[in-house]
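See structure below.
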Amino acid sequence: MRPAIHPPYGPVVFRDKAAGFAFLTRSTATSDKTVDWEDGRTYPVIDVEVSSASHPFYTGQQRVLDTAGRVERFERRYGSARASAAPDTADDGAR
């Protein structure tokens, strides 16, 4: 590896706020926020919305993560898919 071209690689805590789960790992990601870890040291912390502790595939629970109302805003802007799904194939029988 060439020196002085790679980002710093160090310990970082990733914290899932929804599940109350955090884990310490190494990453090139950085943050201005810090947290005191179980070993008494202070590490940068990165808050994530979904991790293996809260993802529906791993937990087997269905959760709605749409807190900003994105689906409703999309339907208001572009119309509902159900309204536009009406068939337009009028067959009058004349051929």
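Following the order of the structure tokens, first chain is A, next is B, and so on, with residues numbered from 1 inside each chain and ligands from 1 in the order they appear.
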
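Excluding range 41-50 of chain A itself and same-chain residues fewer than 2 positions from it, the residues having an atom within 6 Å of it are Val12, Val13, Phe14, Arg15, Asp16, Ser31, Lys33, Thr34, Val35, Asp36, Trp37, Asp39, Ser54 and His55 of chain A, counting only C-alpha atoms.
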
List the spatial neighbours of range 17-29 of chain A as JSON, numbers by chain - criterion: any atom at most 6 Å away, only C-alpha atoms, same-chain residues fewer than 6 positions off excluded.
{"A": [8, 9, 10, 11, 54]}

For the selection just defined, write its residues with all heavy atoms to a file, as a PDB file, in the first residue's frame.
```pdb
ATOM      1  N   PRO A   8      -7.844   7.543   7.600  1.00  0.00           N
ATOM      2  CA  PRO A   8      -7.549   6.886   8.879  1.00  0.00           C
ATOM      3  C   PRO A   8      -8.596   5.822   9.198  1.00  0.00           C
ATOM      4  O   PRO A   8      -9.789   6.016   8.996  1.00  0.00           O
ATOM      5  CB  PRO A   8      -7.580   8.019   9.888  1.00  0.00           C
ATOM      6  CG  PRO A   8      -8.222   9.164   9.211  1.00  0.00           C
ATOM      7  CD  PRO A   8      -8.119   8.954   7.738  1.00  0.00           C
ATOM      8  N   TYR A   9      -8.129   4.691   9.700  1.00  0.00           N
ATOM      9  CA  TYR A   9      -8.974   3.540   9.994  1.00  0.00           C
ATOM     10  C   TYR A   9      -8.884   3.285  11.488  1.00  0.00           C
ATOM     11  O   TYR A   9      -7.836   2.890  11.989  1.00  0.00           O
ATOM     12  CB  TYR A   9      -8.460   2.350   9.187  1.00  0.00           C
ATOM     13  CG  TYR A   9      -9.259   1.078   9.328  1.00  0.00           C
ATOM     14  CD1 TYR A   9     -10.514   0.963   8.783  1.00  0.00           C
ATOM     15  CD2 TYR A   9      -8.730  -0.022   9.993  1.00  0.00           C
ATOM     16  CE1 TYR A   9     -11.237  -0.203   8.891  1.00  0.00           C
ATOM     17  CE2 TYR A   9      -9.439  -1.194  10.110  1.00  0.00           C
ATOM     18  CZ  TYR A   9     -10.694  -1.283   9.558  1.00  0.00           C
ATOM     19  OH  TYR A   9     -11.409  -2.437   9.661  1.00  0.00           O
ATOM     20  N   GLY A  10      -9.974   3.558  12.211  1.00  0.00           N
ATOM     21  CA  GLY A  10      -9.905   3.420  13.659  1.00  0.00           C
ATOM     22  C   GLY A  10     -11.214   2.954  14.255  1.00  0.00           C
ATOM     23  O   GLY A  10     -12.203   2.736  13.557  1.00  0.00           O
ATOM     24  N   PRO A  11     -11.247   2.811  15.572  1.00  0.00           N
ATOM     25  CA  PRO A  11     -12.457   2.320  16.244  1.00  0.00           C
ATOM     26  C   PRO A  11     -13.583   3.358  16.207  1.00  0.00           C
ATOM     27  O   PRO A  11     -13.359   4.552  16.386  1.00  0.00           O
ATOM     28  CB  PRO A  11     -11.990   2.065  17.676  1.00  0.00           C
ATOM     29  CG  PRO A  11     -10.774   2.886  17.849  1.00  0.00           C
ATOM     30  CD  PRO A  11     -10.144   3.034  16.495  1.00  0.00           C
ATOM     31  N   SER A  54     -32.608  -4.108  14.353  1.00  0.00           N
ATOM     32  CA  SER A  54     -33.934  -3.553  14.085  1.00  0.00           C
ATOM     33  C   SER A  54     -34.442  -3.829  12.677  1.00  0.00           C
ATOM     34  O   SER A  54     -35.558  -3.460  12.355  1.00  0.00           O
ATOM     35  CB  SER A  54     -33.915  -2.039  14.304  1.00  0.00           C
ATOM     36  OG  SER A  54     -33.035  -1.415  13.402  1.00  0.00           O
TER      37      SER A  54
END
```
